[in-house]
>>> print(open('work_31.txt').read())   # compact mmCIF, C-alpha atoms and all ligand atoms
# COMPACT_ATOMS: atom_id res chain seq x y z
CA MET A 1 0.00 0.00 0.00
CA MET A 2 2.81 2.39 0.96
CA GLU A 3 4.49 1.83 -2.40
CA GLU A 4 1.21 2.29 -4.22
CA LYS A 5 0.37 5.64 -2.67
CA LYS A 6 3.80 7.10 -3.44
CA SER A 7 4.18 5.45 -6.81
CA MET A 8 5.79 7.66 -9.41
CA GLU A 9 3.17 6.18 -11.76
CA ARG A 10 0.53 8.22 -9.96
CA LYS A 11 -1.21 10.17 -12.72
CA GLU A 12 -2.91 12.91 -10.72
CA THR A 13 -2.14 15.51 -8.11
CA SER A 14 -5.12 15.70 -5.77
CA ILE A 15 -6.03 18.12 -3.01
CA CYS A 16 -8.97 17.33 -0.76
CA PHE A 17 -10.31 19.97 1.63
CA LEU A 18 -10.95 18.86 5.22
CA GLY A 19 -11.95 22.37 6.32
CA THR A 20 -12.41 25.79 4.75
CA ASP A 21 -13.79 27.76 7.66
CA THR A 22 -12.57 30.57 9.87
CA TYR A 23 -10.66 30.18 13.17
CA ARG A 24 -13.82 29.16 15.07
CA PRO A 25 -15.38 26.68 12.67
CA THR A 26 -19.09 26.11 12.29
CA ILE A 27 -20.57 22.63 12.77
CA GLY A 28 -19.82 20.44 9.76
CA ASN A 29 -16.75 22.43 8.79
CA ASP A 30 -13.29 23.07 10.24
CA THR A 31 -10.53 25.65 10.11
CA ALA A 32 -8.56 25.61 6.84
CA SER A 33 -6.88 22.22 6.36
CA PHE A 34 -6.34 19.92 3.37
CA ILE A 35 -4.65 16.72 2.28
CA ILE A 36 -2.40 16.36 -0.77
CA ASN A 37 -2.18 13.03 -2.63
CA ARG A 38 -3.79 11.23 0.33
CA HIS A 39 -0.63 11.35 2.46
CA ILE A 40 0.49 14.95 3.02
CA LEU A 41 -1.59 16.89 5.52
CA VAL A 42 -1.51 20.69 5.62
CA ASP A 43 -2.45 22.11 9.06
CA THR A 44 -4.78 20.20 11.38
CA GLY A 45 -7.71 22.46 12.24
CA TRP A 46 -9.67 21.53 15.39
CA ASN A 47 -10.77 17.97 14.50
CA VAL A 48 -8.36 16.36 12.07
CA VAL A 49 -8.87 12.69 12.95
CA ARG A 50 -12.65 12.96 12.69
CA ASN A 51 -12.28 14.89 9.41
CA LEU A 52 -9.96 12.27 7.88
CA ASN A 53 -12.18 9.38 8.95
CA ALA A 54 -15.36 11.08 7.73
CA LEU A 55 -13.86 11.46 4.25
CA GLY A 56 -12.44 7.95 4.05
CA PHE A 57 -8.77 8.81 4.60
CA ASP A 58 -6.65 6.57 6.79
CA PRO A 59 -4.78 8.70 9.38
CA LYS A 60 -1.95 6.09 9.33
CA GLN A 61 -1.26 6.95 5.68
CA ILE A 62 -0.23 10.48 6.68
CA ASP A 63 3.54 10.61 6.55
CA TYR A 64 3.99 14.38 6.21
CA LEU A 65 2.32 17.10 8.23
CA LEU A 66 3.11 20.58 6.93
CA PHE A 67 2.28 23.56 9.09
CA THR A 68 1.81 26.95 7.49
CA HIS A 69 2.35 28.60 10.89
CA MET A 70 1.77 27.82 14.53
CA HIS A 71 -1.39 29.71 15.41
CA HIS A 72 -3.79 27.64 17.50
CA ASP A 73 -6.55 27.16 14.92
CA HIS A 74 -3.97 25.59 12.58
CA TYR A 75 -2.50 23.08 15.06
CA LEU A 76 -5.23 22.54 17.66
CA SER A 77 -5.81 18.85 16.88
CA LEU A 78 -2.14 17.90 16.66
CA PRO A 79 -2.48 15.99 19.98
CA SER A 80 -5.47 14.08 18.55
CA ILE A 81 -3.65 12.84 15.47
CA LEU A 82 -0.53 11.99 17.49
CA PHE A 83 -2.71 9.99 19.93
CA GLU A 84 -4.49 8.24 17.05
CA LEU A 85 -1.15 7.24 15.48
CA LEU A 86 0.32 6.15 18.81
CA MET A 87 -2.73 3.95 19.50
CA THR A 88 -2.84 2.40 16.01
CA GLY A 89 0.79 1.34 15.76
CA LYS A 90 2.15 3.90 13.30
CA LYS A 91 5.95 4.01 13.30
CA MET A 92 6.13 7.47 14.81
CA GLU A 93 9.45 8.48 13.28
CA GLU A 94 7.87 7.93 9.85
CA LEU A 95 5.63 10.93 10.54
CA LYS A 96 7.59 13.98 9.40
CA ILE A 97 6.28 17.24 10.84
CA ILE A 98 7.51 20.33 8.98
CA GLY A 99 6.87 23.91 10.01
CA PRO A 100 8.39 27.32 10.67
CA GLU A 101 11.60 27.05 12.69
CA ALA A 102 10.48 29.71 15.19
CA ASP A 103 7.73 27.58 16.76
CA VAL A 104 7.26 24.08 15.35
CA GLU A 105 9.52 22.16 17.76
CA LEU A 106 7.99 23.85 20.82
CA VAL A 107 4.41 23.09 19.75
CA VAL A 108 5.12 19.44 18.87
CA GLN A 109 6.97 18.91 22.15
CA ARG A 110 4.10 20.43 24.13
CA ALA A 111 1.62 18.22 22.30
CA LEU A 112 3.69 15.17 23.26
CA ASP A 113 3.94 16.44 26.85
CA PHE A 114 0.16 16.95 26.94
CA LEU A 115 -0.24 13.29 25.90
CA GLN A 116 2.21 12.30 28.65
CA ALA A 117 4.12 10.51 25.91
CA GLU A 118 7.16 9.83 28.07
CA ARG A 119 4.99 8.11 30.69
CA PHE A 120 2.59 6.14 28.47
CA PHE A 121 4.34 5.76 25.09
CA SER A 122 8.04 5.73 25.97
CA ASP A 123 8.71 2.76 23.64
CA ARG A 124 6.92 4.24 20.64
CA GLY A 125 9.47 6.75 19.37
CA ALA A 126 8.67 10.31 18.39
CA PRO A 127 7.71 12.01 15.15
CA THR A 128 10.51 13.49 13.08
CA VAL A 129 10.30 17.26 13.42
CA ILE A 130 11.87 19.31 10.62
CA PRO A 131 12.02 23.05 11.41
CA LEU A 132 12.41 25.15 8.27
CA LYS A 133 13.62 28.68 7.86
CA PRO A 134 11.25 30.52 5.49
CA GLY A 135 13.01 30.76 2.14
CA SER A 136 14.38 27.22 2.31
CA SER A 137 13.44 24.16 0.24
CA PHE A 138 12.68 20.53 1.00
CA GLU A 139 12.67 17.31 -0.99
CA GLY A 140 10.44 14.35 -0.11
CA GLU A 141 10.06 10.99 -1.89
CA ASP A 142 7.48 12.19 -4.41
CA PHE A 143 7.52 15.95 -4.04
CA THR A 144 9.65 19.02 -3.53
CA PHE A 145 8.72 22.40 -2.22
CA ARG A 146 10.15 25.88 -1.80
CA THR A 147 9.00 28.36 0.81
CA SER A 148 8.85 32.08 1.44
CA GLU A 149 7.92 34.07 4.54
CA THR A 150 4.35 35.34 4.83
CA LEU A 151 3.27 38.61 6.47
CA HIS A 152 1.62 37.51 9.71
CA PRO A 153 2.16 38.14 13.46
CA VAL A 154 3.96 34.80 13.87
CA GLN A 155 6.52 33.27 11.51
CA GLY A 156 4.64 31.66 8.62
CA MET A 157 5.48 30.06 5.29
CA CYS A 158 4.00 30.10 1.84
CA TYR A 159 4.74 26.76 0.10
CA ARG A 160 5.34 26.26 -3.64
CA PHE A 161 4.71 22.53 -4.01
CA SER A 162 5.93 20.46 -6.98
CA ASP A 163 4.62 16.94 -7.51
CA LYS A 164 7.48 14.83 -8.91
CA ALA A 165 5.09 12.18 -10.24
CA THR A 166 2.91 14.51 -12.31
CA GLY A 167 5.02 17.65 -12.76
CA LYS A 168 2.13 19.74 -11.39
CA ILE A 169 2.93 22.83 -9.34
CA PHE A 170 0.66 24.70 -6.96
CA SER A 171 1.09 27.04 -3.98
CA PHE A 172 -0.58 27.72 -0.65
CA THR A 173 0.06 30.68 1.60
CA GLY A 174 -1.42 29.96 5.02
CA ASP A 175 -2.44 33.14 6.84
CA THR A 176 -1.00 36.35 5.46
CA ALA A 177 -1.70 39.98 4.77
CA TYR A 178 -1.26 41.04 1.16
CA HIS A 179 2.47 40.64 0.55
CA PRO A 180 3.67 41.24 -3.02
CA PRO A 181 7.00 39.33 -2.66
CA LEU A 182 4.99 36.08 -2.35
CA ALA A 183 4.19 36.35 -6.07
CA ASP A 184 7.87 35.70 -6.88
CA LEU A 185 7.64 32.33 -5.15
CA ILE A 186 4.19 31.41 -6.46
CA ARG A 187 4.88 32.25 -10.13
CA GLY A 188 4.79 29.13 -12.30
CA SER A 189 2.04 27.52 -10.18
CA SER A 190 -1.24 26.66 -11.87
CA LEU A 191 -3.22 27.00 -8.65
CA LEU A 192 -3.04 29.25 -5.57
CA ILE A 193 -4.77 28.39 -2.29
CA THR A 194 -4.91 31.40 -0.01
CA GLU A 195 -6.89 32.95 2.78
CA ALA A 196 -9.71 35.48 2.50
CA SER A 197 -10.45 35.65 6.21
CA ARG A 198 -11.53 39.28 6.06
CA GLY A 199 -14.24 38.60 3.47
CA PRO A 200 -14.94 40.64 0.32
CA GLY A 201 -12.73 43.60 -0.54
CA LYS A 202 -9.17 44.59 0.24
CA VAL A 203 -8.03 45.13 3.80
CA ASP A 204 -6.93 48.58 4.85
CA MET A 205 -3.50 47.98 6.44
CA SER A 206 -4.26 50.54 9.17
CA THR A 207 -6.99 48.19 10.48
CA ASN A 208 -5.06 44.97 9.84
CA LYS A 209 -3.37 44.21 13.16
CA GLY A 210 -3.93 40.47 12.67
CA LEU A 211 -2.27 40.66 9.23
CA HIS A 212 -4.90 38.82 7.19
CA SER A 213 -6.26 39.18 3.65
CA GLY A 214 -9.56 39.99 2.05
CA ALA A 215 -10.77 38.39 -1.17
CA GLY A 216 -9.52 41.44 -3.10
CA ASP A 217 -6.02 40.99 -1.68
CA ALA A 218 -6.10 37.29 -2.57
CA ALA A 219 -7.17 38.15 -6.12
CA GLU A 220 -4.37 40.72 -6.47
CA LEU A 221 -1.86 38.07 -5.40
CA ALA A 222 -3.32 35.60 -7.92
CA VAL A 223 -3.00 38.19 -10.72
CA ALA A 224 0.58 39.11 -9.74
CA SER A 225 1.53 35.41 -9.60
CA GLY A 226 0.02 34.53 -12.98
CA VAL A 227 -1.87 31.45 -11.74
CA ASP A 228 -4.87 29.97 -13.59
CA GLN A 229 -6.98 29.10 -10.60
CA LEU A 230 -7.58 30.66 -7.16
CA ILE A 231 -8.97 28.82 -4.17
CA LEU A 232 -10.14 30.96 -1.25
CA LEU A 233 -10.69 29.71 2.28
CA HIS A 234 -10.38 30.43 6.02
CA GLY A 235 -13.09 33.10 6.27
CA GLU A 236 -16.70 33.14 7.45
CA VAL A 237 -18.37 30.56 5.19
CA SER A 238 -21.51 32.74 5.13
CA GLN A 239 -19.37 35.27 3.20
CA SER A 240 -17.83 32.75 0.81
CA ALA A 241 -20.06 33.48 -2.20
CA ALA A 242 -19.57 37.23 -1.79
CA SER A 243 -15.79 36.71 -1.46
CA VAL A 244 -15.65 34.60 -4.63
CA ALA A 245 -17.69 37.22 -6.55
CA ASP A 246 -15.43 40.00 -5.26
CA ALA A 247 -12.23 38.16 -6.25
CA GLN A 248 -13.64 37.59 -9.75
CA LEU A 249 -13.82 41.34 -10.30
CA ILE A 250 -10.00 41.43 -10.18
CA PHE A 251 -8.84 37.92 -11.16
CA LYS A 252 -10.15 36.53 -14.45
CA GLY A 253 -9.29 32.87 -13.89
CA SER A 254 -11.38 30.38 -11.96
CA VAL A 255 -12.16 31.25 -8.32
CA ARG A 256 -13.62 28.73 -5.87
CA TRP A 257 -14.37 28.37 -2.19
CA PRO A 258 -14.29 24.58 -1.73
CA GLU A 259 -16.93 22.49 -0.03
CA VAL A 260 -15.79 20.23 2.80
CA GLY A 261 -14.62 16.97 1.25
CA GLU A 262 -14.27 18.47 -2.22
CA GLU A 263 -11.33 17.14 -4.17
CA PHE A 264 -9.44 19.21 -6.75
CA ILE A 265 -7.25 17.63 -9.38
CA VAL A 266 -4.43 20.07 -10.14
ZN ZN A 301 -5.73 31.19 10.86
ZN ZN A 302 -2.69 32.84 11.83
>>> encode(input="work_31.txt", output="structure tokens")
Amino acid sequence: MMEEKKSMERKETSICFLGTDTYRPTIGNDTASFIINRHILVDTGWNVVRNLNALGFDPKQIDYLLFTHMHHDHYLSLPSILFELLMTGKKMEELKIIGPEADVELVVQRALDFLQAERFFSDRGAPTVIPLKPGSSFEGEDFTFRTSETLHPVQGMCYRFSDKATGKIFSFTGDTAYHPPLADLIRGSSLLITEASRGPGKVDMSTNKGLHSGAGDAAELAVASGVDQLILLHGEVSQSAASVADAQLIFKGSVRWPEVGEEFIV
């Protein structure tokens, strides 16, 4: 099974959305989180194990967990997935957790401490934590990515992800205010996944203490990056249609706010 999922004969690059909601998700949704090619998880949201199971994904198949940044809504269910993997016999060191160097080791260690891992799971090993400095690159078995620093109150990374099996390239920003240098990283991607947490319009930087984007900012980034398709998420879902319509005023390619469980083929 392991060989099959990573096979270089894989014909498609898939992204399935586990959550598209804001930092306090509504029932039936979760904070922004998605899974790439059935084995690479991006952020956890509040309820990752339940989300994976509900959509037919096997948590044990996750061998990479990429964090965009270490704000609570993006890592809140890290203890849950670690507990699930500890209880189901996953070889823990085969789980590679990658995130911004400023915070990722601290958060993973505290999750393990919360689980009392040393007391109850001392023979089970620990996940492999890989802190990355924004701007650096990484190579996995069937993918590579490059990163760049986002504009957010904690250290965050935009990822430009290349699928070695299909040659497809797409990017995702995590949380960020409008930050033109990100376009230099994203350029060459067919698809951009980014936040529109502030809803329709562009955010006035004088009222943007949290350093987030509106749909207009996301659309400007998509135009500057030259992508074909824009996926918006991580805002009030009640505003999603208005955000998509607003982004389409600026960006002429396809704009979508995914449904939970919706799969995109890049
Ligand atoms: Zn967030
Ligand atoms: Zn954040």
>>> closest_atom_pairs(input="work_31.txt", of="chain A", to="ligand ZN 301 (chain A)", cutoff="10 Å", atoms="all atoms listed in the file", output="JSON lines")
{"residue": "A:Asp21", "atom": "CA", "partner": "A:ZN301", "partner_atom": "ZN", "distance": 9.3}
{"residue": "A:Thr22", "atom": "CA", "partner": "A:ZN301", "partner_atom": "ZN", "distance": 6.9}
{"residue": "A:Tyr23", "atom": "CA", "partner": "A:ZN301", "partner_atom": "ZN", "distance": 5.5}
{"residue": "A:Arg24", "atom": "CA", "partner": "A:ZN301", "partner_atom": "ZN", "distance": 9.3}
{"residue": "A:Thr31", "atom": "CA", "partner": "A:ZN301", "partner_atom": "ZN", "distance": 7.4}
{"residue": "A:Ala32", "atom": "CA", "partner": "A:ZN301", "partner_atom": "ZN", "distance": 7.4}
{"residue": "A:Asp43", "atom": "CA", "partner": "A:ZN301", "partner_atom": "ZN", "distance": 9.8}
{"residue": "A:Gly45", "atom": "CA", "partner": "A:ZN301", "partner_atom": "ZN", "distance": 9.1}
{"residue": "A:Thr68", "atom": "CA", "partner": "A:ZN301", "partner_atom": "ZN", "distance": 9.3}
{"residue": "A:His69", "atom": "CA", "partner": "A:ZN301", "partner_atom": "ZN", "distance": 8.5}
{"residue": "A:Met70", "atom": "CA", "partner": "A:ZN301", "partner_atom": "ZN", "distance": 9.0}
{"residue": "A:His71", "atom": "CA", "partner": "A:ZN301", "partner_atom": "ZN", "distance": 6.5}
{"residue": "A:His72", "atom": "CA", "partner": "A:ZN301", "partner_atom": "ZN", "distance": 7.8}
{"residue": "A:Asp73", "atom": "CA", "partner": "A:ZN301", "partner_atom": "ZN", "distance": 5.8}
{"residue": "A:His74", "atom": "CA", "partner": "A:ZN301", "partner_atom": "ZN", "distance": 6.1}
{"residue": "A:Tyr75", "atom": "CA", "partner": "A:ZN301", "partner_atom": "ZN", "distance": 9.7}
{"residue": "A:His152", "atom": "CA", "partner": "A:ZN301", "partner_atom": "ZN", "distance": 9.8}
{"residue": "A:Gly174", "atom": "CA", "partner": "A:ZN301", "partner_atom": "ZN", "distance": 7.4}
{"residue": "A:Asp175", "atom": "CA", "partner": "A:ZN301", "partner_atom": "ZN", "distance": 5.5}
{"residue": "A:Thr176", "atom": "CA", "partner": "A:ZN301", "partner_atom": "ZN", "distance": 8.8}
{"residue": "A:Glu195", "atom": "CA", "partner": "A:ZN301", "partner_atom": "ZN", "distance": 8.4}
{"residue": "A:Ser197", "atom": "CA", "partner": "A:ZN301", "partner_atom": "ZN", "distance": 8.0}
{"residue": "A:Gly210", "atom": "CA", "partner": "A:ZN301", "partner_atom": "ZN", "distance": 9.6}
{"residue": "A:His212", "atom": "CA", "partner": "A:ZN301", "partner_atom": "ZN", "distance": 8.5}
{"residue": "A:His234", "atom": "CA", "partner": "A:ZN301", "partner_atom": "ZN", "distance": 6.8}
{"residue": "A:Gly235", "atom": "CA", "partner": "A:ZN301", "partner_atom": "ZN", "distance": 8.9}
>>> atom_distance(input="work_31.txt", atom1="CA of Asp204 in chain A", atom2="CA of Pro153 in chain A")
16.3 Å
>>> closest_residue(input="work_31.txt", among="A:Pro131, A:Pro25, A:Pro258, A:Gly125", to="Leu106 in chain A", atoms="all atoms listed in the file")
A:Pro131
>>> closest_residue(input="work_31.txt", among="A:Gly199, A:Leu66, A:Glu94, A:Ala126", to="Ala242 in chain A", atoms="only C-alpha atoms")
A:Gly199
>>> closest_residue(input="work_31.txt", among="A:Leu232, A:Leu82, A:Val154, A:Ile27", to="ligand ZN 302 (chain A)", atoms="all atoms listed in the file")
A:Val154
>>> atom_distance(input="work_31.txt", atom1="CA of Val255 in chain A", atom2="CA of Gln229 in chain A")
6.1 Å
>>> atom_distance(input="work_31.txt", atom1="CA of Gly261 in chain A", atom2="CA of Gly19 in chain A")
7.9 Å
>>> axis_aligned_box(input="work_31.txt", around="range 49-61 of chain A", padding_each_side="3 Å", output="AutoDock Vina command-line options")
--center_x -8.3 --center_y 10.5 --center_z 8.5 --size_x 20.1 --size_y 14.8 --size_z 14.9
>>> residues_around(input="work_31.txt", residues="Ile62 in chain A", least_positions_apart="6", cutoff="10 Å", atoms="only C-alpha atoms", output="MDAnalysis selection string")
chainID A and resid 35:41 52 81 85 90 94:96
>>> residues_around(input="work_31.txt", residues="Lys164 in chain A", least_positions_apart="3", cutoff="8 Å", atoms="only C-alpha atoms", output="list in words")
Met8, Asp142, Phe143, Thr144, Gly167 and Lys168 of chain A
>>> closest_residue(input="work_31.txt", among="A:Gly140, A:Phe67, A:Pro134, A:Gln248", to="ligand ZN 302 (chain A)", atoms="only C-alpha atoms and all ligand atoms")
A:Phe67
>>> closest_residue(input="work_31.txt", among="A:Thr207, A:Ser190, A:Thr150, A:Ser238", to="ligand ZN 302 (chain A)", atoms="only C-alpha atoms and all ligand atoms")
A:Thr150
>>> closest_residue(input="work_31.txt", among="A:Pro127, A:Gly156, A:Gly56, A:Gly135", to="ligand ZN 302 (chain A)", atoms="all atoms listed in the file")
A:Gly156
>>> residues_around(input="work_31.txt", residues="Glu139 in chain A", least_positions_apart="6", cutoff="12 Å", atoms="only C-alpha atoms", output="short mmCIF file (atom, residue, chain, number, x, y, z; two decimals) with C-alpha atoms, in the frame of the given file")
data_model
loop_
_atom_site.label_atom_id
_atom_site.label_comp_id
_atom_site.auth_asym_id
_atom_site.auth_seq_id
_atom_site.Cartn_x
_atom_site.Cartn_y
_atom_site.Cartn_z
CA TYR A 64 3.99 14.38 6.21
CA ILE A 98 7.51 20.33 8.98
CA ILE A 130 11.87 19.31 10.62
CA PHE A 145 8.72 22.40 -2.22
CA ARG A 146 10.15 25.88 -1.80
CA THR A 147 9.00 28.36 0.81
CA ARG A 160 5.34 26.26 -3.64
CA PHE A 161 4.71 22.53 -4.01
CA SER A 162 5.93 20.46 -6.98
CA ASP A 163 4.62 16.94 -7.51
CA LYS A 164 7.48 14.83 -8.91
#
>>> residues_around(input="work_31.txt", residues="range 177-183 of chain A", least_positions_apart="3", cutoff="8 Å", atoms="only C-alpha atoms", output="PyMOL selection string")
chain A and resi 148-152+158+186-187+208+211-213+217-218+221-222+224-225
>>> residues_near_point(input="work_31.txt", point="(-12.6, 18.6, 5.0)", cutoff="7 Å", atoms="only C-alpha atoms", output="list in words")
Cys16, Phe17, Leu18, Gly19, Asn29, Asp30, Ser33, Phe34, Asn51, Val260 and Gly261 of chain A
>>> write_last_selection(input="work_31.txt", atoms="C-alpha atoms", output="CSV table (one decimal), in the coordinates of the input")
chain,number,residue,atom,x,y,z
A,16,CYS,CA,-9.0,17.3,-0.8
A,17,PHE,CA,-10.3,20.0,1.6
A,18,LEU,CA,-11.0,18.9,5.2
A,19,GLY,CA,-12.0,22.4,6.3
A,29,ASN,CA,-16.8,22.4,8.8
A,30,ASP,CA,-13.3,23.1,10.2
A,33,SER,CA,-6.9,22.2,6.4
A,34,PHE,CA,-6.3,19.9,3.4
A,51,ASN,CA,-12.3,14.9,9.4
A,260,VAL,CA,-15.8,20.2,2.8
A,261,GLY,CA,-14.6,17.0,1.2
>>> residues_around(input="work_31.txt", residues="Leu112 in chain A", least_positions_apart="5", cutoff="9 Å", atoms="only C-alpha atoms", output="NGL selection string")
:A and (79 or 82-83 or 107 or 117-118 or 126)
>>> decode(input="work_31.txt", residues="range 180-195 of chain A", atoms="N, CA, C and O atoms", output="mmCIF file, in the first residue's frame")
data_model
loop_
_atom_site.group_PDB
_atom_site.id
_atom_site.type_symbol
_atom_site.label_atom_id
_atom_site.label_comp_id
_atom_site.auth_asym_id
_atom_site.auth_seq_id
_atom_site.Cartn_x
_atom_site.Cartn_y
_atom_site.Cartn_z
ATOM 1 N N PRO A 180 3.268 41.409 -1.614
ATOM 2 C CA PRO A 180 3.669 41.236 -3.019
ATOM 3 C C PRO A 180 4.851 40.293 -3.257
ATOM 4 O O PRO A 180 4.839 39.567 -4.267
ATOM 5 N N PRO A 181 5.877 40.247 -2.370
ATOM 6 C CA PRO A 181 7.000 39.330 -2.657
ATOM 7 C C PRO A 181 6.588 37.860 -2.779
ATOM 8 O O PRO A 181 7.321 37.067 -3.389
ATOM 9 N N LEU A 182 5.424 37.481 -2.221
ATOM 10 C CA LEU A 182 4.995 36.076 -2.347
ATOM 11 C C LEU A 182 4.793 35.685 -3.813
ATOM 12 O O LEU A 182 4.953 34.519 -4.180
ATOM 13 N N ALA A 183 4.438 36.662 -4.650
ATOM 14 C CA ALA A 183 4.195 36.353 -6.070
ATOM 15 C C ALA A 183 5.441 35.774 -6.732
ATOM 16 O O ALA A 183 5.347 34.943 -7.642
ATOM 17 N N ASP A 184 6.624 36.212 -6.280
ATOM 18 C CA ASP A 184 7.873 35.704 -6.878
ATOM 19 C C ASP A 184 8.036 34.212 -6.620
ATOM 20 O O ASP A 184 8.587 33.486 -7.439
ATOM 21 N N LEU A 185 7.578 33.763 -5.455
ATOM 22 C CA LEU A 185 7.637 32.331 -5.146
ATOM 23 C C LEU A 185 6.553 31.569 -5.915
ATOM 24 O O LEU A 185 6.803 30.501 -6.480
ATOM 25 N N ILE A 186 5.354 32.120 -5.931
ATOM 26 C CA ILE A 186 4.185 31.405 -6.462
ATOM 27 C C ILE A 186 4.232 31.276 -7.987
ATOM 28 O O ILE A 186 3.712 30.296 -8.543
ATOM 29 N N ARG A 187 4.879 32.225 -8.660
ATOM 30 C CA ARG A 187 4.882 32.253 -10.126
ATOM 31 C C ARG A 187 5.273 30.882 -10.697
ATOM 32 O O ARG A 187 6.187 30.235 -10.201
ATOM 33 N N GLY A 188 4.542 30.450 -11.732
ATOM 34 C CA GLY A 188 4.790 29.126 -12.304
ATOM 35 C C GLY A 188 3.836 28.071 -11.765
ATOM 36 O O GLY A 188 3.771 26.959 -12.273
ATOM 37 N N SER A 189 3.065 28.423 -10.718
ATOM 38 C CA SER A 189 2.043 27.519 -10.181
ATOM 39 C C SER A 189 0.776 27.656 -11.014
ATOM 40 O O SER A 189 0.451 28.752 -11.476
ATOM 41 N N SER A 190 0.039 26.553 -11.164
ATOM 42 C CA SER A 190 -1.240 26.662 -11.866
ATOM 43 C C SER A 190 -2.348 27.098 -10.912
ATOM 44 O O SER A 190 -3.329 27.707 -11.321
ATOM 45 N N LEU A 191 -2.165 26.802 -9.646
ATOM 46 C CA LEU A 191 -3.225 27.001 -8.652
ATOM 47 C C LEU A 191 -2.642 27.665 -7.411
ATOM 48 O O LEU A 191 -1.548 27.312 -6.966
ATOM 49 N N LEU A 192 -3.403 28.607 -6.846
ATOM 50 C CA LEU A 192 -3.038 29.245 -5.574
ATOM 51 C C LEU A 192 -4.163 29.038 -4.575
ATOM 52 O O LEU A 192 -5.330 29.327 -4.866
ATOM 53 N N ILE A 193 -3.816 28.522 -3.398
ATOM 54 C CA ILE A 193 -4.765 28.390 -2.286
ATOM 55 C C ILE A 193 -4.361 29.437 -1.259
ATOM 56 O O ILE A 193 -3.233 29.408 -0.753
ATOM 57 N N THR A 194 -5.283 30.357 -0.964
ATOM 58 C CA THR A 194 -4.911 31.405 -0.005
ATOM 59 C C THR A 194 -6.106 31.825 0.824
ATOM 60 O O THR A 194 -7.243 31.448 0.547
ATOM 61 N N GLU A 195 -5.833 32.588 1.848
ATOM 62 C CA GLU A 195 -6.886 32.946 2.784
ATOM 63 C C GLU A 195 -7.633 34.203 2.339
ATOM 64 O O GLU A 195 -7.070 35.094 1.707
#
